[in-house]
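So this block is data33.txt, compact mmCIF, C-alpha atoms:
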# COMPACT_ATOMS: atom_id res chain seq x y z
CA MET A 1348 0.00 0.00 0.00
CA ASP A 1349 1.29 3.44 -0.95
CA GLN A 1350 1.83 6.09 1.67
CA ALA A 1351 -1.03 8.55 2.11
CA ILE A 1352 -0.39 12.06 0.83
CA PRO A 1353 1.06 14.13 3.70
CA MET A 1354 -1.19 16.79 5.19
CA ASN A 1355 0.31 20.03 3.88
CA LYS A 1356 -2.87 22.01 4.20
CA SER A 1357 -3.19 25.72 4.81
CA PHE A 1358 -6.51 27.14 5.92
CA PHE A 1359 -8.78 30.11 5.25
CA GLY A 1360 -11.11 30.03 8.23
CA LYS A 1361 -12.18 26.40 8.37
CA ALA A 1362 -11.74 25.81 4.65
CA THR A 1363 -8.44 24.72 3.11
CA THR A 1364 -6.97 27.12 0.58
CA GLY A 1365 -7.51 24.42 -2.06
CA LYS A 1366 -11.22 24.40 -1.31
CA LEU A 1367 -11.35 28.19 -1.30
CA GLY A 1368 -9.56 28.16 -4.69
CA MET A 1369 -12.20 25.83 -6.12
CA TRP A 1370 -14.98 28.06 -4.76
CA LEU A 1371 -13.38 31.10 -6.41
CA PHE A 1372 -13.14 29.15 -9.68
CA ILE A 1373 -16.80 28.13 -9.36
CA VAL A 1374 -17.88 31.75 -8.81
CA MET A 1375 -15.87 32.84 -11.87
CA ASP A 1376 -17.18 29.97 -13.99
CA GLY A 1377 -20.70 30.71 -12.73
CA LEU A 1378 -20.40 34.27 -14.00
CA THR A 1379 -19.24 32.92 -17.40
CA PHE A 1380 -22.28 30.64 -17.54
CA GLY A 1381 -24.40 33.60 -16.41
CA ALA A 1382 -23.10 35.68 -19.31
CA ILE A 1383 -23.92 32.90 -21.81
CA ILE A 1384 -27.42 32.34 -20.38
CA ILE A 1385 -28.22 36.05 -20.10
CA GLY A 1386 -26.88 36.64 -23.64
CA GLY A 1387 -29.10 33.79 -24.86
CA LEU A 1388 -32.12 35.28 -23.10
CA GLY A 1389 -31.34 38.68 -24.62
CA LEU A 1390 -31.21 37.13 -28.11
CA ARG A 1391 -34.39 35.20 -27.42
CA ILE A 1392 -36.33 38.31 -26.40
CA SER A 1393 -35.27 40.06 -29.61
CA THR A 1394 -36.15 37.07 -31.86
CA GLU A 1395 -39.65 36.44 -33.17
CA THR A 1396 -39.34 32.69 -33.96
CA TRP A 1397 -38.71 30.68 -30.82
CA PRO A 1398 -40.17 27.16 -30.50
CA ILE A 1399 -42.21 26.37 -27.39
CA ALA A 1400 -40.95 23.73 -24.94
CA GLY A 1401 -40.91 20.19 -26.33
CA SER A 1402 -41.77 21.13 -29.91
CA VAL A 1403 -38.24 20.43 -31.23
CA LEU A 1404 -36.11 19.35 -28.24
CA ASN A 1405 -36.68 16.00 -26.55
CA VAL A 1406 -37.80 17.00 -23.02
CA PRO A 1407 -38.38 13.48 -21.53
CA LEU A 1408 -34.92 12.31 -22.66
CA THR A 1409 -33.26 15.42 -21.24
CA ALA A 1410 -35.26 15.08 -18.02
CA PHE A 1411 -33.75 11.61 -17.76
CA ASN A 1412 -30.31 13.18 -18.30
CA THR A 1413 -31.09 15.63 -15.47
CA PHE A 1414 -32.03 12.65 -13.29
CA LEU A 1415 -28.68 11.03 -14.19
CA LEU A 1416 -26.75 14.12 -13.05
CA ILE A 1417 -28.78 14.27 -9.80
CA CYS A 1418 -27.92 10.60 -9.15
CA SER A 1419 -24.25 11.26 -9.95
CA SER A 1420 -24.26 14.19 -7.48
CA PHE A 1421 -25.63 11.80 -4.85
CA THR A 1422 -22.94 9.18 -5.59
CA MET A 1423 -20.27 11.90 -5.51
CA VAL A 1424 -21.28 13.10 -2.07
CA MET A 1425 -21.48 9.45 -0.96
CA ALA A 1426 -17.87 8.97 -2.17
CA LEU A 1427 -16.83 11.78 0.18
CA ASN A 1428 -19.02 10.33 2.93
CA SER A 1429 -17.24 6.97 2.47
CA ILE A 1430 -13.70 8.32 2.74
CA LEU A 1431 -14.69 10.30 5.84
CA LYS A 1432 -15.34 6.87 7.39
CA ASP A 1433 -12.09 5.50 5.89
CA ASP A 1434 -14.12 3.23 3.62
CA GLN A 1435 -11.74 2.82 0.64
CA ASN A 1436 -14.04 0.43 -1.25
CA GLY A 1437 -16.99 2.79 -0.83
CA LEU A 1438 -14.92 5.67 -2.18
CA ILE A 1439 -13.86 3.69 -5.26
CA LYS A 1440 -17.37 2.32 -5.86
CA TYR A 1441 -19.13 5.67 -5.61
CA LEU A 1442 -16.49 7.49 -7.67
CA ALA A 1443 -16.91 4.84 -10.40
CA PHE A 1444 -20.71 5.31 -10.31
CA THR A 1445 -20.27 9.09 -10.58
CA ILE A 1446 -17.97 8.76 -13.59
CA ALA A 1447 -20.40 6.28 -15.19
CA GLY A 1448 -23.23 8.81 -14.67
CA GLY A 1449 -21.15 11.53 -16.36
CA VAL A 1450 -20.27 9.26 -19.29
CA MET A 1451 -23.92 8.27 -19.75
CA PHE A 1452 -24.95 11.95 -19.67
CA LEU A 1453 -22.39 12.72 -22.39
CA GLY A 1454 -23.48 9.67 -24.42
CA ILE A 1455 -27.11 10.87 -24.41
CA GLN A 1456 -26.02 14.40 -25.33
CA VAL A 1457 -23.93 13.09 -28.25
CA TRP A 1458 -26.91 10.96 -29.38
CA GLU A 1459 -29.16 14.04 -29.20
CA TYR A 1460 -26.68 16.11 -31.24
CA SER A 1461 -26.20 13.35 -33.85
CA HIS A 1462 -29.99 13.07 -34.21
CA PHE A 1463 -30.21 16.82 -34.84
CA ILE A 1464 -27.19 17.00 -37.15
CA MET A 1465 -28.14 14.00 -39.31
CA GLY A 1466 -31.71 15.28 -39.45
CA GLY A 1467 -34.54 13.60 -41.33
CA GLU A 1468 -38.16 13.91 -42.34
CA HIS A 1469 -39.56 13.72 -38.79
CA LEU A 1470 -37.21 16.45 -37.53
CA GLY A 1471 -37.98 18.50 -40.66
CA ASN A 1472 -41.71 18.30 -39.83
CA LEU A 1473 -41.08 19.40 -36.23
CA LEU A 1474 -38.95 22.33 -37.42
CA ALA A 1475 -41.48 23.31 -40.10
CA ALA A 1476 -44.23 23.40 -37.45
CA VAL A 1477 -42.33 26.12 -35.57
CA GLY A 1478 -41.36 28.06 -38.68
CA ILE A 1479 -37.75 26.87 -39.08
CA PRO A 1480 -36.87 25.71 -42.63
CA GLY A 1481 -34.78 22.58 -43.39
CA ASP A 1482 -34.62 19.05 -42.00
CA GLN A 1483 -31.52 19.50 -39.83
CA PHE A 1484 -31.04 21.36 -36.55
CA LEU A 1485 -27.53 22.80 -36.59
CA PRO A 1486 -25.58 25.53 -34.72
CA THR A 1487 -26.24 27.62 -37.83
CA THR A 1488 -30.04 27.09 -37.63
CA GLY A 1489 -30.81 30.66 -36.69
CA ILE A 1490 -30.37 32.23 -33.28
CA TYR A 1491 -32.30 29.38 -31.64
CA GLY A 1492 -29.75 26.81 -32.90
CA SER A 1493 -26.80 29.00 -31.88
CA VAL A 1494 -28.13 29.56 -28.34
CA PHE A 1495 -29.00 25.87 -27.89
CA TYR A 1496 -25.61 24.55 -29.04
CA VAL A 1497 -23.44 27.19 -27.33
CA THR A 1498 -25.15 26.71 -23.95
CA THR A 1499 -25.40 22.92 -23.97
CA MET A 1500 -21.97 22.40 -25.54
CA PHE A 1501 -20.27 24.68 -22.99
CA HIS A 1502 -21.94 22.67 -20.24
CA GLY A 1503 -21.07 19.37 -21.97
CA LEU A 1504 -17.39 20.38 -22.03
CA HIS A 1505 -17.63 20.92 -18.27
CA VAL A 1506 -19.08 17.41 -17.85
CA LEU A 1507 -16.22 16.01 -19.96
CA SER A 1508 -13.68 17.93 -17.82
CA GLY A 1509 -15.41 16.62 -14.68
CA VAL A 1510 -15.23 13.01 -15.93
CA ILE A 1511 -11.49 13.38 -16.63
CA TYR A 1512 -10.94 15.11 -13.26
CA LEU A 1513 -12.84 12.38 -11.37
CA SER A 1514 -10.96 9.66 -13.30
CA VAL A 1515 -7.70 11.10 -11.95
CA ILE A 1516 -9.17 11.13 -8.43
CA LEU A 1517 -10.35 7.52 -8.94
CA SER A 1518 -6.86 6.42 -10.04
CA MET A 1519 -5.47 8.02 -6.86
CA ALA A 1520 -8.18 6.32 -4.80
CA LEU A 1521 -7.21 2.96 -6.33
CA LYS A 1522 -3.69 3.57 -4.98
CA GLN A 1523 -5.26 4.35 -1.57
CA LYS A 1524 -3.97 7.92 -1.54
CA PHE A 1525 -6.92 9.15 0.53
CA SER A 1526 -7.98 8.58 4.12
CA ALA A 1527 -10.35 9.97 6.77
CA ASP A 1528 -7.66 12.59 7.56
CA ASN A 1529 -6.78 13.30 3.96
CA TYR A 1530 -9.90 13.77 1.82
CA ASP A 1531 -9.42 17.36 0.63
CA ARG A 1532 -8.94 16.49 -3.06
CA VAL A 1533 -12.06 14.33 -3.09
CA GLU A 1534 -14.09 17.16 -1.55
CA ILE A 1535 -12.69 19.73 -4.04
CA ALA A 1536 -13.42 17.45 -7.03
CA GLY A 1537 -16.91 16.95 -5.59
CA LEU A 1538 -17.51 20.71 -5.47
CA PHE A 1539 -16.73 20.95 -9.18
CA TRP A 1540 -19.03 18.01 -9.98
CA HIS A 1541 -21.94 19.43 -7.96
CA PHE A 1542 -21.45 22.78 -9.68
CA ILE A 1543 -21.87 21.03 -13.05
CA ASP A 1544 -25.14 19.53 -11.75
CA LEU A 1545 -26.25 22.91 -10.41
CA VAL A 1546 -25.64 24.67 -13.75
CA TRP A 1547 -27.45 21.91 -15.66
CA ILE A 1548 -30.54 22.44 -13.50
CA LEU A 1549 -30.63 26.05 -14.74
CA VAL A 1550 -29.75 25.17 -18.36
CA PHE A 1551 -32.47 22.48 -18.44
CA THR A 1552 -35.12 24.99 -17.35
CA ILE A 1553 -34.01 27.89 -19.56
CA ILE A 1554 -33.24 25.94 -22.77
CA TYR A 1555 -35.64 22.99 -22.61
CA LEU A 1556 -38.63 24.00 -20.51
CA ILE A 1557 -39.22 27.74 -20.91
CA MET B 339 -17.89 16.03 9.14
CA GLU B 340 -20.79 13.89 10.25
CA ASP B 341 -22.47 11.08 8.35
CA HIS B 342 -25.35 12.70 6.41
CA LYS B 343 -26.26 9.69 4.26
CA LYS B 344 -30.02 9.99 4.87
CA THR B 345 -29.99 13.74 4.18
CA TYR B 346 -28.12 13.13 0.90
CA LEU B 347 -30.56 10.43 -0.15
CA TRP B 348 -33.67 12.50 0.66
CA ASN B 349 -32.11 15.44 -1.15
CA ALA B 350 -31.64 13.32 -4.30
CA ILE B 351 -35.25 12.09 -4.06
CA GLY B 352 -36.47 15.67 -3.59
CA LEU B 353 -34.48 16.85 -6.62
CA ALA B 354 -35.85 14.00 -8.75
CA ILE B 355 -39.44 14.77 -7.69
CA LEU B 356 -38.99 18.48 -8.47
CA THR B 357 -37.65 17.53 -11.93
CA VAL B 358 -40.75 15.40 -12.58
CA ILE B 359 -42.96 18.31 -11.44
CA GLU B 360 -41.11 20.66 -13.82
CA VAL B 361 -41.77 18.39 -16.80
CA TRP B 362 -45.38 17.83 -15.69
CA VAL B 363 -46.30 21.53 -15.33
CA ILE B 364 -45.24 22.47 -18.86
CA GLY B 365 -48.12 20.35 -20.19
CA LEU B 366 -50.77 21.91 -17.93
CA GLY B 367 -51.46 24.88 -20.19
CA LEU B 368 -50.78 27.47 -17.49
CA PRO B 369 -50.55 31.18 -18.45
CA ARG B 370 -47.08 31.87 -19.91
CA MET B 371 -45.82 34.27 -17.21
CA GLY B 372 -47.20 32.08 -14.42
CA LEU B 373 -45.49 29.03 -15.90
CA ILE B 374 -42.15 30.86 -16.18
CA ALA B 375 -42.43 32.08 -12.55
CA LEU B 376 -43.29 28.55 -11.35
CA LEU B 377 -40.47 26.89 -13.32
CA LEU B 378 -37.93 29.47 -12.11
CA SER B 379 -39.09 29.01 -8.49
CA ILE B 380 -38.62 25.23 -8.76
CA THR B 381 -35.22 25.75 -10.41
CA VAL B 382 -34.02 28.10 -7.66
CA THR B 383 -35.21 25.58 -5.04
CA LYS B 384 -33.25 22.80 -6.78
CA ILE B 385 -30.14 24.97 -7.05
CA MET B 386 -30.37 25.83 -3.35
CA LEU B 387 -30.73 22.15 -2.44
CA VAL B 388 -27.60 21.23 -4.41
CA ALA B 389 -25.57 24.17 -3.04
CA LEU B 390 -26.65 23.84 0.60
CA VAL B 391 -26.63 20.06 0.96
CA TYR B 392 -24.31 18.53 -1.67
CA MET B 393 -21.83 21.43 -1.77
CA HIS B 394 -22.04 21.65 2.03
CA LEU B 395 -22.68 25.41 2.10
CA ARG B 396 -25.12 24.74 4.94
CA TYR B 397 -22.18 23.59 7.07
CA GLU B 398 -19.65 26.25 5.98
CA THR B 399 -18.66 29.36 7.93
CA LYS B 400 -20.55 32.61 7.46
CA THR B 401 -17.43 34.24 5.96
CA LEU B 402 -17.17 31.67 3.15
CA ARG B 403 -20.91 31.85 2.46
CA ARG B 404 -20.71 35.66 2.23
CA LEU B 405 -17.72 35.45 -0.13
CA ILE B 406 -19.68 33.14 -2.42
CA ALA B 407 -22.92 35.17 -2.20
CA LEU B 408 -21.15 38.47 -2.97
CA PRO B 409 -20.93 38.06 -6.79
CA ILE B 410 -24.67 37.32 -7.11
CA PRO B 411 -25.81 40.98 -6.80
CA LEU B 412 -22.96 41.82 -9.18
CA ALA B 413 -24.36 39.34 -11.72
CA LEU B 414 -27.84 40.87 -11.28
CA TYR B 415 -26.33 44.30 -11.88
CA PHE B 416 -24.79 42.99 -15.14
CA LEU B 417 -28.18 41.54 -16.08
CA TRP B 418 -29.80 44.91 -15.54
CA GLY B 419 -27.05 46.44 -17.72
CA VAL B 420 -27.81 44.00 -20.54
CA MET B 421 -31.55 44.62 -20.29
CA TYR B 422 -30.96 48.38 -20.42
CA ASP B 423 -28.95 47.92 -23.63
CA LEU B 424 -31.67 45.68 -25.04
CA ALA B 425 -34.35 48.29 -24.41
CA TYR B 426 -32.12 50.84 -26.15
CA SER B 427 -31.69 48.63 -29.23
CA TRP B 428 -35.48 48.17 -29.51
CA THR B 429 -36.08 51.90 -29.67
CA MET B 430 -33.54 52.43 -32.46

Please re-express this file's structure in structure tokens.
Amino acid sequence: MDQAIPMNKSFFGKATTGKLGMWLFIVMDGLTFGAIIIGGLGLRISTETWPIAGSVLNVPLTAFNTFLLICSSFTMVMALNSILKDDQNGLIKYLAFTIAGGVMFLGIQVWEYSHFIMGGEHLGNLLAAVGIPGDQFLPTTGIYGSVFYVTTMFHGLHVLSGVIYLSVILSMALKQKFSADNYDRVEIAGLFWHFIDLVWILVFTIIYLI
Amino acid sequence: MEDHKKTYLWNAIGLAILTVIEVWVIGLGLPRMGLIALLLSITVTKIMLVALVYMHLRYETKTLRRLIALPIPLALYFLWGVMYDLAYSWTM
């Protein structure tokens, strides 16, 4: 068994500086997401053609994707809960579930994109019903297409980053680098993952439901 | 930190139920503005649940919570700025 990482922590109040750093990153990233969402809303208000919820986008499938991210947030917090009790197997198991949830989310998003990009008669009919010409839904399909792809793709890149980040944490967990006294990196990675879930909750409502 | 397994589980169930409610209400034919207000209220509730329980803000110090809350009015100020510009572009 490898030696646990030594405790070289410095603190800001009760939080480690690493945790504070992640919070500052989250605030900054939140403002970036805010700018994208607000910009999208601004464009939406100034555009006449905007499909109503569910007329083009697949709401039930995306609701399932939201459910997946909620479940992965639960497994992520359970991974932290496990290492706080020095349960190495629990940490590994829950981290693996979280990564699997992220990969499934991305898989569904890629399937959704491929369905829109390849297009077809059914999609063409849906688009025609809301006044959008063509049988494909692309980033170039008017302002609606641009706003949809920019917002969801920016979030999707965050999910991909989170999956890579958690894979690194999982590889460290497999080498038993964490313990009940040394869980800071798991907690910090968890903050990033929960932030991704939090942003998706907003994106799901703004892009898919309203 | 204490073991909050039950809290985490109930939080996940609550978030899932709120998601189902969100999808359900869009098919009810509610007035547009009422629907938007309802959906945004549910969304804010879900965001608060994730931030307070899963991100452990509920258990953090007041100083850290204030540091995180500080940019929110700033973001609202930016939003107001964008809306002001939007109103200007409509009148041109």

Query raised in the report: For chain A against chain B, which residues fall within 8 Å using all atoms listed in the file, given as a ChimeraX atom specification?
Result: /A:1360-1361,1370-1371,1374,1378,1381,1385,1389,1400,1406-1407,1410,1413-1414,1417-1418,1420-1421,1424-1425,1428,1431,1537-1538,1541-1542,1544-1545,1548-1549,1552,1556-1557

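The closest residue to Ala1520 of chain A, picked from A:Lys1440, A:His1502, A:Lys1432, A:Lys1366 and counting all atoms listed in the file, is A:Lys1440.
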
Query raised in the report: Mind pulling up the distance from atom CA of Thr1499 of chain A to atom CA of Phe1551 of chain A?
Result: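 About the pair atom CA of Phe1551 of chain A and atom CA of Thr1499 of chain A: they are 9.0 Å apart.
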
**Report entry** Length of the atom CA of Thr1396 of chain A to atom CA of His1462 of chain A vector [Å]
**Finding:**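 If I compute the distance from atom CA of Thr1396 of chain A to atom CA of His1462 of chain A, I get 21.7 Å.
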
Report task. One decimal, Å: what's the distance from atom CA of Phe1525 of chain A over to atom CA of Trp1547 of chain A, could you say? Result ->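 If I compute the distance from atom CA of Phe1525 of chain A to atom CA of Trp1547 of chain A, I get 29.1 Å.
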
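Considering all atoms listed in the file, the residue among A:Asp1433, A:Val1403, A:Arg1391, A:Val1506 positioned nearest to Gly1471 of chain A is A:Val1403.
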
Query raised in the report: Could you pull the residues within 8 Å of Ser1526 of chain A, counting all atoms listed in the file, minus those fewer than 3 positions along the same chain, as a ChimeraX atom specification?
Result: /A:1351,1430-1431,1433,1435,1523,1529-1530

Report task. Name the residues in contact with segment 1452-1457 of chain A at a cut-off of 8 Å, using only C-alpha atoms, excluding same-chain residues fewer than 2 positions from it; report them as a PyMOL selection string. Result -> chain A and resi 1412+1415-1416+1448-1450+1459-1461+1503+1506-1507

Output C-alpha atoms of each residue in that selection to a file, as a short mmCIF file (atom, residue, chain, number, x, y, z; two decimals), in the coordinates of the input.
data_model
loop_
_atom_site.label_atom_id
_atom_site.label_comp_id
_atom_site.auth_asym_id
_atom_site.auth_seq_id
_atom_site.Cartn_x
_atom_site.Cartn_y
_atom_site.Cartn_z
CA ASN A 1412 -30.31 13.18 -18.30
CA LEU A 1415 -28.68 11.03 -14.19
CA LEU A 1416 -26.75 14.12 -13.05
CA GLY A 1448 -23.23 8.81 -14.67
CA GLY A 1449 -21.15 11.53 -16.36
CA VAL A 1450 -20.27 9.26 -19.29
CA GLU A 1459 -29.16 14.04 -29.20
CA TYR A 1460 -26.68 16.11 -31.24
CA SER A 1461 -26.20 13.35 -33.85
CA GLY A 1503 -21.07 19.37 -21.97
CA VAL A 1506 -19.08 17.41 -17.85
CA LEU A 1507 -16.22 16.01 -19.96
#

Could you complete segment 396-425 of chain B so that it carries N, CA and C atoms, and give it back as a PDB file, in the frame of the given file?
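Full text of part.pdb as output:
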ATOM      1  N   ARG B 396     -24.368  24.697   3.678  1.00  0.00           N
ATOM      2  CA  ARG B 396     -25.120  24.740   4.940  1.00  0.00           C
ATOM      3  C   ARG B 396     -24.189  24.591   6.149  1.00  0.00           C
ATOM      4  N   TYR B 397     -23.091  23.869   5.955  1.00  0.00           N
ATOM      5  CA  TYR B 397     -22.180  23.590   7.070  1.00  0.00           C
ATOM      6  C   TYR B 397     -20.942  24.486   7.070  1.00  0.00           C
ATOM      7  N   GLU B 398     -20.835  25.391   6.076  1.00  0.00           N
ATOM      8  CA  GLU B 398     -19.650  26.250   5.980  1.00  0.00           C
ATOM      9  C   GLU B 398     -19.771  27.464   6.919  1.00  0.00           C
ATOM     10  N   THR B 399     -18.653  28.169   7.077  1.00  0.00           N
ATOM     11  CA  THR B 399     -18.660  29.360   7.930  1.00  0.00           C
ATOM     12  C   THR B 399     -19.390  30.507   7.224  1.00  0.00           C
ATOM     13  N   LYS B 400     -19.837  31.463   8.024  1.00  0.00           N
ATOM     14  CA  LYS B 400     -20.550  32.610   7.460  1.00  0.00           C
ATOM     15  C   LYS B 400     -19.671  33.376   6.480  1.00  0.00           C
ATOM     16  N   THR B 401     -18.361  33.479   6.807  1.00  0.00           N
ATOM     17  CA  THR B 401     -17.430  34.240   5.960  1.00  0.00           C
ATOM     18  C   THR B 401     -17.379  33.654   4.553  1.00  0.00           C
ATOM     19  N   LEU B 402     -17.246  32.313   4.461  1.00  0.00           N
ATOM     20  CA  LEU B 402     -17.170  31.670   3.150  1.00  0.00           C
ATOM     21  C   LEU B 402     -18.486  31.842   2.387  1.00  0.00           C
ATOM     22  N   ARG B 403     -19.604  31.693   3.117  1.00  0.00           N
ATOM     23  CA  ARG B 403     -20.910  31.850   2.460  1.00  0.00           C
ATOM     24  C   ARG B 403     -21.086  33.259   1.916  1.00  0.00           C
ATOM     25  N   ARG B 404     -20.601  34.263   2.689  1.00  0.00           N
ATOM     26  CA  ARG B 404     -20.710  35.660   2.230  1.00  0.00           C
ATOM     27  C   ARG B 404     -19.837  35.877   0.992  1.00  0.00           C
ATOM     28  N   LEU B 405     -18.641  35.297   1.002  1.00  0.00           N
ATOM     29  CA  LEU B 405     -17.720  35.450  -0.130  1.00  0.00           C
ATOM     30  C   LEU B 405     -18.349  34.896  -1.413  1.00  0.00           C
ATOM     31  N   ILE B 406     -19.065  33.783  -1.264  1.00  0.00           N
ATOM     32  CA  ILE B 406     -19.680  33.140  -2.420  1.00  0.00           C
ATOM     33  C   ILE B 406     -20.934  33.914  -2.864  1.00  0.00           C
ATOM     34  N   ALA B 407     -21.667  34.456  -1.881  1.00  0.00           N
ATOM     35  CA  ALA B 407     -22.920  35.170  -2.200  1.00  0.00           C
ATOM     36  C   ALA B 407     -22.648  36.557  -2.816  1.00  0.00           C
ATOM     37  N   LEU B 408     -21.469  37.106  -2.535  1.00  0.00           N
ATOM     38  CA  LEU B 408     -21.150  38.470  -2.970  1.00  0.00           C
ATOM     39  C   LEU B 408     -21.298  38.704  -4.484  1.00  0.00           C
ATOM     40  N   PRO B 409     -20.817  37.772  -5.334  1.00  0.00           N
ATOM     41  CA  PRO B 409     -20.930  38.060  -6.790  1.00  0.00           C
ATOM     42  C   PRO B 409     -22.353  38.001  -7.330  1.00  0.00           C
ATOM     43  N   ILE B 410     -23.302  37.445  -6.583  1.00  0.00           N
ATOM     44  CA  ILE B 410     -24.670  37.320  -7.110  1.00  0.00           C
ATOM     45  C   ILE B 410     -25.316  38.678  -7.405  1.00  0.00           C
ATOM     46  N   PRO B 411     -25.268  39.642  -6.443  1.00  0.00           N
ATOM     47  CA  PRO B 411     -25.810  40.980  -6.800  1.00  0.00           C
ATOM     48  C   PRO B 411     -25.053  41.613  -7.959  1.00  0.00           C
ATOM     49  N   LEU B 412     -23.766  41.299  -8.062  1.00  0.00           N
ATOM     50  CA  LEU B 412     -22.960  41.820  -9.180  1.00  0.00           C
ATOM     51  C   LEU B 412     -23.499  41.276 -10.503  1.00  0.00           C
ATOM     52  N   ALA B 413     -23.806  39.968 -10.513  1.00  0.00           N
ATOM     53  CA  ALA B 413     -24.360  39.340 -11.720  1.00  0.00           C
ATOM     54  C   ALA B 413     -25.710  39.965 -12.070  1.00  0.00           C
ATOM     55  N   LEU B 414     -26.531  40.243 -11.035  1.00  0.00           N
ATOM     56  CA  LEU B 414     -27.840  40.870 -11.280  1.00  0.00           C
ATOM     57  C   LEU B 414     -27.669  42.278 -11.851  1.00  0.00           C
ATOM     58  N   TYR B 415     -26.632  42.960 -11.374  1.00  0.00           N
ATOM     59  CA  TYR B 415     -26.330  44.300 -11.880  1.00  0.00           C
ATOM     60  C   TYR B 415     -25.970  44.224 -13.369  1.00  0.00           C
ATOM     61  N   PHE B 416     -25.159  43.195 -13.736  1.00  0.00           N
ATOM     62  CA  PHE B 416     -24.790  42.990 -15.140  1.00  0.00           C
ATOM     63  C   PHE B 416     -26.037  42.694 -15.970  1.00  0.00           C
ATOM     64  N   LEU B 417     -26.937  41.897 -15.380  1.00  0.00           N
ATOM     65  CA  LEU B 417     -28.180  41.540 -16.080  1.00  0.00           C
ATOM     66  C   LEU B 417     -28.983  42.805 -16.372  1.00  0.00           C
ATOM     67  N   TRP B 418     -29.087  43.649 -15.361  1.00  0.00           N
ATOM     68  CA  TRP B 418     -29.800  44.910 -15.540  1.00  0.00           C
ATOM     69  C   TRP B 418     -29.146  45.723 -16.657  1.00  0.00           C
ATOM     70  N   GLY B 419     -27.795  45.710 -16.684  1.00  0.00           N
ATOM     71  CA  GLY B 419     -27.050  46.440 -17.720  1.00  0.00           C
ATOM     72  C   GLY B 419     -27.395  45.926 -19.109  1.00  0.00           C
ATOM     73  N   VAL B 420     -27.482  44.595 -19.251  1.00  0.00           N
ATOM     74  CA  VAL B 420     -27.810  44.000 -20.540  1.00  0.00           C
ATOM     75  C   VAL B 420     -29.228  44.371 -20.951  1.00  0.00           C
ATOM     76  N   MET B 421     -30.154  44.307 -19.996  1.00  0.00           N
ATOM     77  CA  MET B 421     -31.550  44.620 -20.290  1.00  0.00           C
ATOM     78  C   MET B 421     -31.696  46.080 -20.719  1.00  0.00           C
ATOM     79  N   TYR B 422     -30.929  46.957 -20.083  1.00  0.00           N
ATOM     80  CA  TYR B 422     -30.960  48.380 -20.420  1.00  0.00           C
ATOM     81  C   TYR B 422     -30.532  48.557 -21.875  1.00  0.00           C
ATOM     82  N   ASP B 423     -29.469  47.839 -22.269  1.00  0.00           N
ATOM     83  CA  ASP B 423     -28.950  47.920 -23.630  1.00  0.00           C
ATOM     84  C   ASP B 423     -29.981  47.376 -24.617  1.00  0.00           C
ATOM     85  N   LEU B 424     -30.668  46.309 -24.195  1.00  0.00           N
ATOM     86  CA  LEU B 424     -31.670  45.680 -25.040  1.00  0.00           C
ATOM     87  C   LEU B 424     -32.824  46.649 -25.319  1.00  0.00           C
ATOM     88  N   ALA B 425     -33.272  47.311 -24.259  1.00  0.00           N
ATOM     89  CA  ALA B 425     -34.350  48.290 -24.410  1.00  0.00           C
ATOM     90  C   ALA B 425     -33.919  49.406 -25.364  1.00  0.00           C
TER      91      ALA B 425
END
